[in-house]
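This is query_32.pdb. It holds PDB, C-alpha atoms and all ligand atoms.
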```
ATOM      1  CA  MET A   1      74.331  76.118  35.774  1.00  0.00           C
ATOM      2  CA  ASN A   2      75.360  74.930  39.192  1.00  0.00           C
ATOM      3  CA  ILE A   3      78.628  75.755  40.903  1.00  0.00           C
ATOM      4  CA  THR A   4      79.980  72.188  40.729  1.00  0.00           C
ATOM      5  CA  ARG A   5      79.746  72.291  36.950  1.00  0.00           C
ATOM      6  CA  ILE A   6      81.542  75.614  36.821  1.00  0.00           C
ATOM      7  CA  ARG A   7      84.340  74.182  38.985  1.00  0.00           C
ATOM      8  CA  ASN A   8      84.731  71.126  36.758  1.00  0.00           C
ATOM      9  CA  THR A   9      84.800  73.239  33.621  1.00  0.00           C
ATOM     10  CA  ASP A  10      87.499  75.412  35.103  1.00  0.00           C
ATOM     11  CA  MET A  11      89.622  72.468  36.144  1.00  0.00           C
ATOM     12  CA  VAL A  12      89.456  71.007  32.654  1.00  0.00           C
ATOM     13  CA  ARG A  13      90.326  74.367  31.190  1.00  0.00           C
ATOM     14  CA  GLY A  14      93.235  74.781  33.627  1.00  0.00           C
ATOM     15  CA  LYS A  15      94.722  71.453  32.571  1.00  0.00           C
ATOM     16  CA  ALA A  16      94.304  72.249  28.905  1.00  0.00           C
ATOM     17  CA  ILE A  17      96.142  75.536  29.296  1.00  0.00           C
ATOM     18  CA  CYS A  18      98.879  74.196  31.518  1.00  0.00           C
ATOM     19  CA  LYS A  19      99.683  70.807  30.050  1.00  0.00           C
ATOM     20  CA  SER A  20      98.758  70.870  26.406  1.00  0.00           C
ATOM     21  CA  GLY A  21      98.822  74.537  25.496  1.00  0.00           C
ATOM     22  CA  PRO A  22     100.643  75.734  22.386  1.00  0.00           C
ATOM     23  CA  ASN A  23     103.940  76.089  24.276  1.00  0.00           C
ATOM     24  CA  ASN A  24     103.469  73.015  26.426  1.00  0.00           C
ATOM     25  CA  ASN A  25     103.461  75.343  29.391  1.00  0.00           C
ATOM     26  CA  LYS A  26     103.460  74.042  32.920  1.00  0.00           C
ATOM     27  CA  VAL A  27     101.415  75.770  35.629  1.00  0.00           C
ATOM     28  CA  ASP A  28     104.446  77.595  36.983  1.00  0.00           C
ATOM     29  CA  ASP A  29     105.337  79.042  33.581  1.00  0.00           C
ATOM     30  CA  ILE A  30     102.578  81.601  33.826  1.00  0.00           C
ATOM     31  CA  ARG A  31     103.247  84.760  35.826  1.00  0.00           C
ATOM     32  CA  GLN A  32     102.922  84.411  39.579  1.00  0.00           C
ATOM     33  CA  PHE A  33     101.530  87.137  41.817  1.00  0.00           C
ATOM     34  CA  SER A  34     101.037  87.506  45.557  1.00  0.00           C
ATOM     35  CA  MET A  35      97.807  88.886  47.019  1.00  0.00           C
ATOM     36  CA  LYS A  36      99.871  91.899  48.082  1.00  0.00           C
ATOM     37  CA  GLU A  37     100.665  92.674  44.449  1.00  0.00           C
ATOM     38  CA  VAL A  38      97.070  92.056  43.408  1.00  0.00           C
ATOM     39  CA  ALA A  39      95.883  94.483  46.091  1.00  0.00           C
ATOM     40  CA  LEU A  40      97.829  97.300  44.403  1.00  0.00           C
ATOM     41  CA  HIS A  41      95.422  97.061  41.454  1.00  0.00           C
ATOM     42  CA  SER A  42      92.210  98.200  43.034  1.00  0.00           C
ATOM     43  CA  ASP A  43      90.914 101.186  41.101  1.00  0.00           C
ATOM     44  CA  HIS A  44      89.599 102.041  37.650  1.00  0.00           C
ATOM     45  CA  HIS A  45      93.122 102.679  36.325  1.00  0.00           C
ATOM     46  CA  SER A  46      94.061  99.091  37.057  1.00  0.00           C
ATOM     47  CA  CYS A  47      91.574  96.574  38.358  1.00  0.00           C
ATOM     48  CA  TRP A  48      92.666  93.010  39.086  1.00  0.00           C
ATOM     49  CA  LEU A  49      90.661  90.169  40.595  1.00  0.00           C
ATOM     50  CA  VAL A  50      91.592  86.731  41.847  1.00  0.00           C
ATOM     51  CA  ILE A  51      89.151  83.992  40.956  1.00  0.00           C
ATOM     52  CA  LYS A  52      89.999  80.429  41.945  1.00  0.00           C
ATOM     53  CA  ASP A  53      93.726  81.089  42.271  1.00  0.00           C
ATOM     54  CA  PHE A  54      94.083  82.825  38.906  1.00  0.00           C
ATOM     55  CA  VAL A  55      94.669  86.542  38.476  1.00  0.00           C
ATOM     56  CA  TYR A  56      92.607  88.576  36.009  1.00  0.00           C
ATOM     57  CA  ASP A  57      93.123  92.123  34.791  1.00  0.00           C
ATOM     58  CA  VAL A  58      89.531  93.227  34.158  1.00  0.00           C
ATOM     59  CA  THR A  59      90.283  96.960  33.904  1.00  0.00           C
ATOM     60  CA  SER A  60      88.882  97.260  30.381  1.00  0.00           C
ATOM     61  CA  PHE A  61      85.787  95.258  31.265  1.00  0.00           C
ATOM     62  CA  VAL A  62      84.642  97.022  34.424  1.00  0.00           C
ATOM     63  CA  SER A  63      82.470  99.575  32.624  1.00  0.00           C
ATOM     64  CA  GLU A  64      81.014  96.853  30.338  1.00  0.00           C
ATOM     65  CA  HIS A  65      80.011  94.479  33.119  1.00  0.00           C
ATOM     66  CA  PRO A  66      76.307  93.565  32.732  1.00  0.00           C
ATOM     67  CA  GLY A  67      76.020  93.384  36.515  1.00  0.00           C
ATOM     68  CA  GLY A  68      77.271  96.969  36.877  1.00  0.00           C
ATOM     69  CA  TRP A  69      80.739  98.386  37.450  1.00  0.00           C
ATOM     70  CA  GLU A  70      80.182  98.673  41.210  1.00  0.00           C
ATOM     71  CA  MET A  71      79.919  94.900  41.570  1.00  0.00           C
ATOM     72  CA  ILE A  72      83.464  94.519  40.292  1.00  0.00           C
ATOM     73  CA  MET A  73      85.004  97.667  41.781  1.00  0.00           C
ATOM     74  CA  GLU A  74      83.845  96.686  45.260  1.00  0.00           C
ATOM     75  CA  ARG A  75      86.117  93.632  44.943  1.00  0.00           C
ATOM     76  CA  ALA A  76      88.969  95.205  42.976  1.00  0.00           C
ATOM     77  CA  GLY A  77      92.341  93.948  44.168  1.00  0.00           C
ATOM     78  CA  THR A  78      90.846  91.065  46.158  1.00  0.00           C
ATOM     79  CA  ASP A  79      89.848  87.428  45.843  1.00  0.00           C
ATOM     80  CA  ALA A  80      86.420  87.602  44.194  1.00  0.00           C
ATOM     81  CA  THR A  81      85.893  83.845  43.877  1.00  0.00           C
ATOM     82  CA  ASN A  82      82.870  83.708  46.154  1.00  0.00           C
ATOM     83  CA  PRO A  83      80.952  86.687  44.759  1.00  0.00           C
ATOM     84  CA  PHE A  84      81.784  85.626  41.196  1.00  0.00           C
ATOM     85  CA  GLU A  85      80.617  82.050  41.693  1.00  0.00           C
ATOM     86  CA  GLY A  86      77.813  82.974  44.056  1.00  0.00           C
ATOM     87  CA  LYS A  87      76.106  84.971  41.326  1.00  0.00           C
ATOM     88  CA  GLY A  88      76.178  81.932  39.038  1.00  0.00           C
ATOM     89  CA  HIS A  89      77.755  83.394  35.886  1.00  0.00           C
ATOM     90  CA  SER A  90      77.021  81.784  32.498  1.00  0.00           C
ATOM     91  CA  ASP A  91      79.429  79.812  30.297  1.00  0.00           C
ATOM     92  CA  ASP A  92      79.803  82.936  28.182  1.00  0.00           C
ATOM     93  CA  ALA A  93      80.920  84.875  31.253  1.00  0.00           C
ATOM     94  CA  LEU A  94      83.513  82.178  32.012  1.00  0.00           C
ATOM     95  CA  LYS A  95      84.842  82.319  28.454  1.00  0.00           C
ATOM     96  CA  LEU A  96      85.045  86.087  28.664  1.00  0.00           C
ATOM     97  CA  LEU A  97      86.861  85.844  31.974  1.00  0.00           C
ATOM     98  CA  ALA A  98      89.461  83.453  30.524  1.00  0.00           C
ATOM     99  CA  GLY A  99      90.500  86.196  28.104  1.00  0.00           C
ATOM    100  CA  PHE A 100      91.491  88.481  30.982  1.00  0.00           C
ATOM    101  CA  LYS A 101      93.801  86.012  32.704  1.00  0.00           C
ATOM    102  CA  ILE A 102      97.269  87.444  33.409  1.00  0.00           C
ATOM    103  CA  GLY A 103      98.674  84.950  35.898  1.00  0.00           C
ATOM    104  CA  GLN A 104      98.263  82.836  38.957  1.00  0.00           C
ATOM    105  CA  LEU A 105      98.658  83.254  42.697  1.00  0.00           C
ATOM    106  CA  ILE A 106     101.985  82.148  44.159  1.00  0.00           C
ATOM    107  CA  ARG A 107     101.700  78.564  45.360  1.00  0.00           C
ATOM    108  CA  SER A 108     101.746  79.377  49.085  1.00  0.00           C
ATOM    109  CA  GLU A 109      98.689  81.624  48.672  1.00  0.00           C
ATOM    110  CA  ARG A 110      96.618  79.318  46.479  1.00  0.00           C
ATOM    111  CA  LEU A 111      93.487  77.729  47.878  1.00  0.00           C
ATOM    112  CA  GLU A 112      94.254  74.628  45.807  1.00  0.00           C
ATOM    113  CA  LYS A 113      97.928  74.008  46.467  1.00  0.00           C
ATOM    114  CA  GLY A 114      98.385  71.400  43.707  1.00  0.00           C
TER     115      GLY A 114
HETATM  116  C1  LIG A 201      83.682  90.660  41.065  1.00  0.00           C
HETATM  117  C2  LIG A 201      82.744  89.773  41.120  1.00  0.00           C
HETATM  118  C3  LIG A 201      81.507  89.810  40.277  1.00  0.00           C
HETATM  119  C4  LIG A 201      80.239  89.918  40.730  1.00  0.00           C
HETATM  120  C5  LIG A 201      79.795  90.044  42.170  1.00  0.00           C
HETATM  121  C6  LIG A 201      79.363  89.895  39.575  1.00  0.00           C
HETATM  122  C7  LIG A 201      78.002  90.001  39.610  1.00  0.00           C
HETATM  123  C8  LIG A 201      77.165  89.956  38.534  1.00  0.00           C
HETATM  124  C9  LIG A 201      75.749  90.132  38.587  1.00  0.00           C
HETATM  125  C10 LIG A 201      74.931  90.426  39.844  1.00  0.00           C
HETATM  126  C11 LIG A 201      75.281  89.979  37.339  1.00  0.00           C
HETATM  127  C12 LIG A 201      73.802  89.996  36.935  1.00  0.00           C
HETATM  128  C13 LIG A 201      73.399  91.208  36.188  1.00  0.00           C
HETATM  129  C14 LIG A 201      71.949  91.155  35.867  1.00  0.00           C
HETATM  130  O1  LIG A 201      71.560  90.232  35.101  1.00  0.00           O
HETATM  131  O2  LIG A 201      71.209  91.972  36.411  1.00  0.00           O
HETATM  132  C15 LIG A 201      76.402  89.705  36.470  1.00  0.00           C
HETATM  133  C16 LIG A 201      76.327  89.473  35.127  1.00  0.00           C
HETATM  134  C17 LIG A 201      77.387  89.184  34.336  1.00  0.00           C
HETATM  135  N1  LIG A 201      78.701  89.192  34.693  1.00  0.00           N
HETATM  136 FE1  LIG A 201      79.414  89.471  36.543  1.00  0.00          FE
HETATM  137  N2  LIG A 201      80.119  89.771  38.441  1.00  0.00           N
HETATM  138  C18 LIG A 201      81.431  89.727  38.827  1.00  0.00           C
HETATM  139  C19 LIG A 201      82.514  89.655  37.987  1.00  0.00           C
HETATM  140  C20 LIG A 201      82.448  89.393  36.640  1.00  0.00           C
HETATM  141  C21 LIG A 201      83.596  89.199  35.793  1.00  0.00           C
HETATM  142  C22 LIG A 201      85.052  89.285  36.267  1.00  0.00           C
HETATM  143  C23 LIG A 201      83.113  88.909  34.544  1.00  0.00           C
HETATM  144  C24 LIG A 201      83.863  88.582  33.284  1.00  0.00           C
HETATM  145  C25 LIG A 201      85.026  89.062  32.975  1.00  0.00           C
HETATM  146  C26 LIG A 201      81.674  88.962  34.602  1.00  0.00           C
HETATM  147  C27 LIG A 201      80.816  88.760  33.542  1.00  0.00           C
HETATM  148  C28 LIG A 201      79.441  88.865  33.589  1.00  0.00           C
HETATM  149  C29 LIG A 201      78.559  88.612  32.464  1.00  0.00           C
HETATM  150  C30 LIG A 201      78.982  88.219  31.057  1.00  0.00           C
HETATM  151  C31 LIG A 201      77.268  88.807  32.941  1.00  0.00           C
HETATM  152  C32 LIG A 201      75.952  88.621  32.148  1.00  0.00           C
HETATM  153  C33 LIG A 201      75.226  87.377  32.634  1.00  0.00           C
HETATM  154  C34 LIG A 201      76.043  86.127  32.405  1.00  0.00           C
HETATM  155  O3  LIG A 201      76.454  85.871  31.259  1.00  0.00           O
HETATM  156  O4  LIG A 201      76.278  85.403  33.397  1.00  0.00           O
HETATM  157  N3  LIG A 201      81.300  89.271  35.897  1.00  0.00           N
HETATM  158  N4  LIG A 201      77.533  89.701  37.232  1.00  0.00           N
END
```
Would you kindly transcribe this structure into structure tokens?
Ligand code: HEM
Amino acid sequence: MNITRIRNTDMVRGKAICKSGPNNNKVDDIRQFSMKEVALHSDHHSCWLVIKDFVYDVTSFVSEHPGGWEMIMERAGTDATNPFEGKGHSDDALKLLAGFKIGQLIRSERLEKG
């Protein structure tokens, strides 16, 4: 799967969650975090990642990661968009990731400001 397809899939998923989710949530209704807050979660007790402006708590997944726990821990508390996409994860990995979503970056820190 190429990166463009992953991006498109994510955008479609983002819209589905934000505009036609069960509670009719808007983007801003989900919890907002700054990179400073994300950076506080950078060890095996609490491991958060930012991927494409969304925040994921992957603490429980670190030791299960097929690519090894080091791959994730090296990026704990940071924006891991490039390493995550650069590896070319499967659709299954993207679905798994969606289950760990806990929020979104505050607007001023998003790559995509929309
Ligand atoms: C922090 C950035 C990440 C990097 C650099 C990374 C890197 C890798 C690498 C190198 C592999 C290949 C393992 C192998 O086949 O030898 C892999 C596999 C995998 N990773 Fe990650 N990973 C990251 C984060 C994640 C996250 C957050 C998830 C999901 C919550 C995830 C889910 C998977 C899955 C399911 C596989 C198995 C192959 C696949 O389905 O694509 N990874 N990862």
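Nearest to ligand LIG 201 (chain A) of all the residues A:Lys36, A:Arg31, A:Lys87, A:His45 is A:Lys87, based on only C-alpha atoms and all ligand atoms.
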Specify as a PDB file with C-alpha atoms, keeping the file's coordinate frame each residue included when the PyMOL selection byres (((not hetatm)) within 6 of (chain A and resi 201)) is applied to this file.
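File produced: expr24.pdb:
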```pdb
ATOM      1  CA  HIS A  65      80.011  94.479  33.119  1.00  0.00           C
ATOM      2  CA  PRO A  66      76.307  93.565  32.732  1.00  0.00           C
ATOM      3  CA  GLY A  67      76.020  93.384  36.515  1.00  0.00           C
ATOM      4  CA  MET A  71      79.919  94.900  41.570  1.00  0.00           C
ATOM      5  CA  ILE A  72      83.464  94.519  40.292  1.00  0.00           C
ATOM      6  CA  ARG A  75      86.117  93.632  44.943  1.00  0.00           C
ATOM      7  CA  ALA A  80      86.420  87.602  44.194  1.00  0.00           C
ATOM      8  CA  PRO A  83      80.952  86.687  44.759  1.00  0.00           C
ATOM      9  CA  PHE A  84      81.784  85.626  41.196  1.00  0.00           C
ATOM     10  CA  LYS A  87      76.106  84.971  41.326  1.00  0.00           C
ATOM     11  CA  HIS A  89      77.755  83.394  35.886  1.00  0.00           C
ATOM     12  CA  SER A  90      77.021  81.784  32.498  1.00  0.00           C
ATOM     13  CA  ASP A  92      79.803  82.936  28.182  1.00  0.00           C
ATOM     14  CA  ALA A  93      80.920  84.875  31.253  1.00  0.00           C
ATOM     15  CA  LEU A  96      85.045  86.087  28.664  1.00  0.00           C
ATOM     16  CA  LEU A  97      86.861  85.844  31.974  1.00  0.00           C
TER      17      LEU A  97
END
```
Using all atoms listed in the file, tabulate the residues of range 79-104 of chain A lying at most 10 Å from any atom of range 56-63 of chain A, each with its closest atom pair and that distance in Å to one decimal, by chain and increasing residue number, as JSON lines.
```
{"residue": "A:Leu96", "atom": "CA", "partner": "A:Phe61", "partner_atom": "CA", "distance": 9.6}
{"residue": "A:Leu97", "atom": "CA", "partner": "A:Tyr56", "partner_atom": "CA", "distance": 7.5}
{"residue": "A:Ala98", "atom": "CA", "partner": "A:Tyr56", "partner_atom": "CA", "distance": 8.1}
{"residue": "A:Gly99", "atom": "CA", "partner": "A:Tyr56", "partner_atom": "CA", "distance": 8.5}
{"residue": "A:Phe100", "atom": "CA", "partner": "A:Tyr56", "partner_atom": "CA", "distance": 5.2}
{"residue": "A:Lys101", "atom": "CA", "partner": "A:Tyr56", "partner_atom": "CA", "distance": 4.4}
{"residue": "A:Ile102", "atom": "CA", "partner": "A:Tyr56", "partner_atom": "CA", "distance": 5.5}
{"residue": "A:Gly103", "atom": "CA", "partner": "A:Tyr56", "partner_atom": "CA", "distance": 7.1}
{"residue": "A:Gln104", "atom": "CA", "partner": "A:Tyr56", "partner_atom": "CA", "distance": 8.6}
```
If you apply the PyMOL selection byres (((chain A and resi 38) around 10) and not hetatm) to this file, what residues do you get, as a VMD selection string?
-> chain A and resid 33 to 37 39 to 42 46 to 50 55 to 57 76 to 79 105
Kindly export the residues of the current selection with C-alpha atoms, as a JSON list (two decimals), in the coordinates of the input.
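Output saved as out_30.json:
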```
[["chain", "number", "residue", "atom", "x", "y", "z"],
["A", 33, "PHE", "CA", 101.53, 87.14, 41.82],
["A", 34, "SER", "CA", 101.04, 87.51, 45.56],
["A", 35, "MET", "CA", 97.81, 88.89, 47.02],
["A", 36, "LYS", "CA", 99.87, 91.90, 48.08],
["A", 37, "GLU", "CA", 100.66, 92.67, 44.45],
["A", 39, "ALA", "CA", 95.88, 94.48, 46.09],
["A", 40, "LEU", "CA", 97.83, 97.30, 44.40],
["A", 41, "HIS", "CA", 95.42, 97.06, 41.45],
["A", 42, "SER", "CA", 92.21, 98.20, 43.03],
["A", 46, "SER", "CA", 94.06, 99.09, 37.06],
["A", 47, "CYS", "CA", 91.57, 96.57, 38.36],
["A", 48, "TRP", "CA", 92.67, 93.01, 39.09],
["A", 49, "LEU", "CA", 90.66, 90.17, 40.60],
["A", 50, "VAL", "CA", 91.59, 86.73, 41.85],
["A", 55, "VAL", "CA", 94.67, 86.54, 38.48],
["A", 56, "TYR", "CA", 92.61, 88.58, 36.01],
["A", 57, "ASP", "CA", 93.12, 92.12, 34.79],
["A", 76, "ALA", "CA", 88.97, 95.20, 42.98],
["A", 77, "GLY", "CA", 92.34, 93.95, 44.17],
["A", 78, "THR", "CA", 90.85, 91.06, 46.16],
["A", 79, "ASP", "CA", 89.85, 87.43, 45.84],
["A", 105, "LEU", "CA", 98.66, 83.25, 42.70]]
```
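In this structure, CA of Asp43 in chain A sits 9.4 Å away from CA of Glu74 in chain A.
You will find CA of Arg110 in chain A at 26.4 Å from CA of Trp69 in chain A.
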Rounded to one decimal place, report the CA of Asn82 in chain A-CA of Asp29 in chain A distance in Å.
-> 26.2 Å
Box for range 102-114 of chain A: with edges along x, y and z, all listed atoms inside and 8 Å added on each side, what are the centre and edge lengths in Å to one decimal, as lines of an AutoDock Vina configuration file?
```
center_x = 97.7
center_y = 79.4
center_z = 41.2
size_x = 24.5
size_y = 32.0
size_z = 31.7
```
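Of the residues listed (A:Lys95, A:Lys52, A:Arg107, A:Lys113), A:Arg107 shows the shortest atom-to-atom separation from Gln32 in chain A; distances use only C-alpha atoms.
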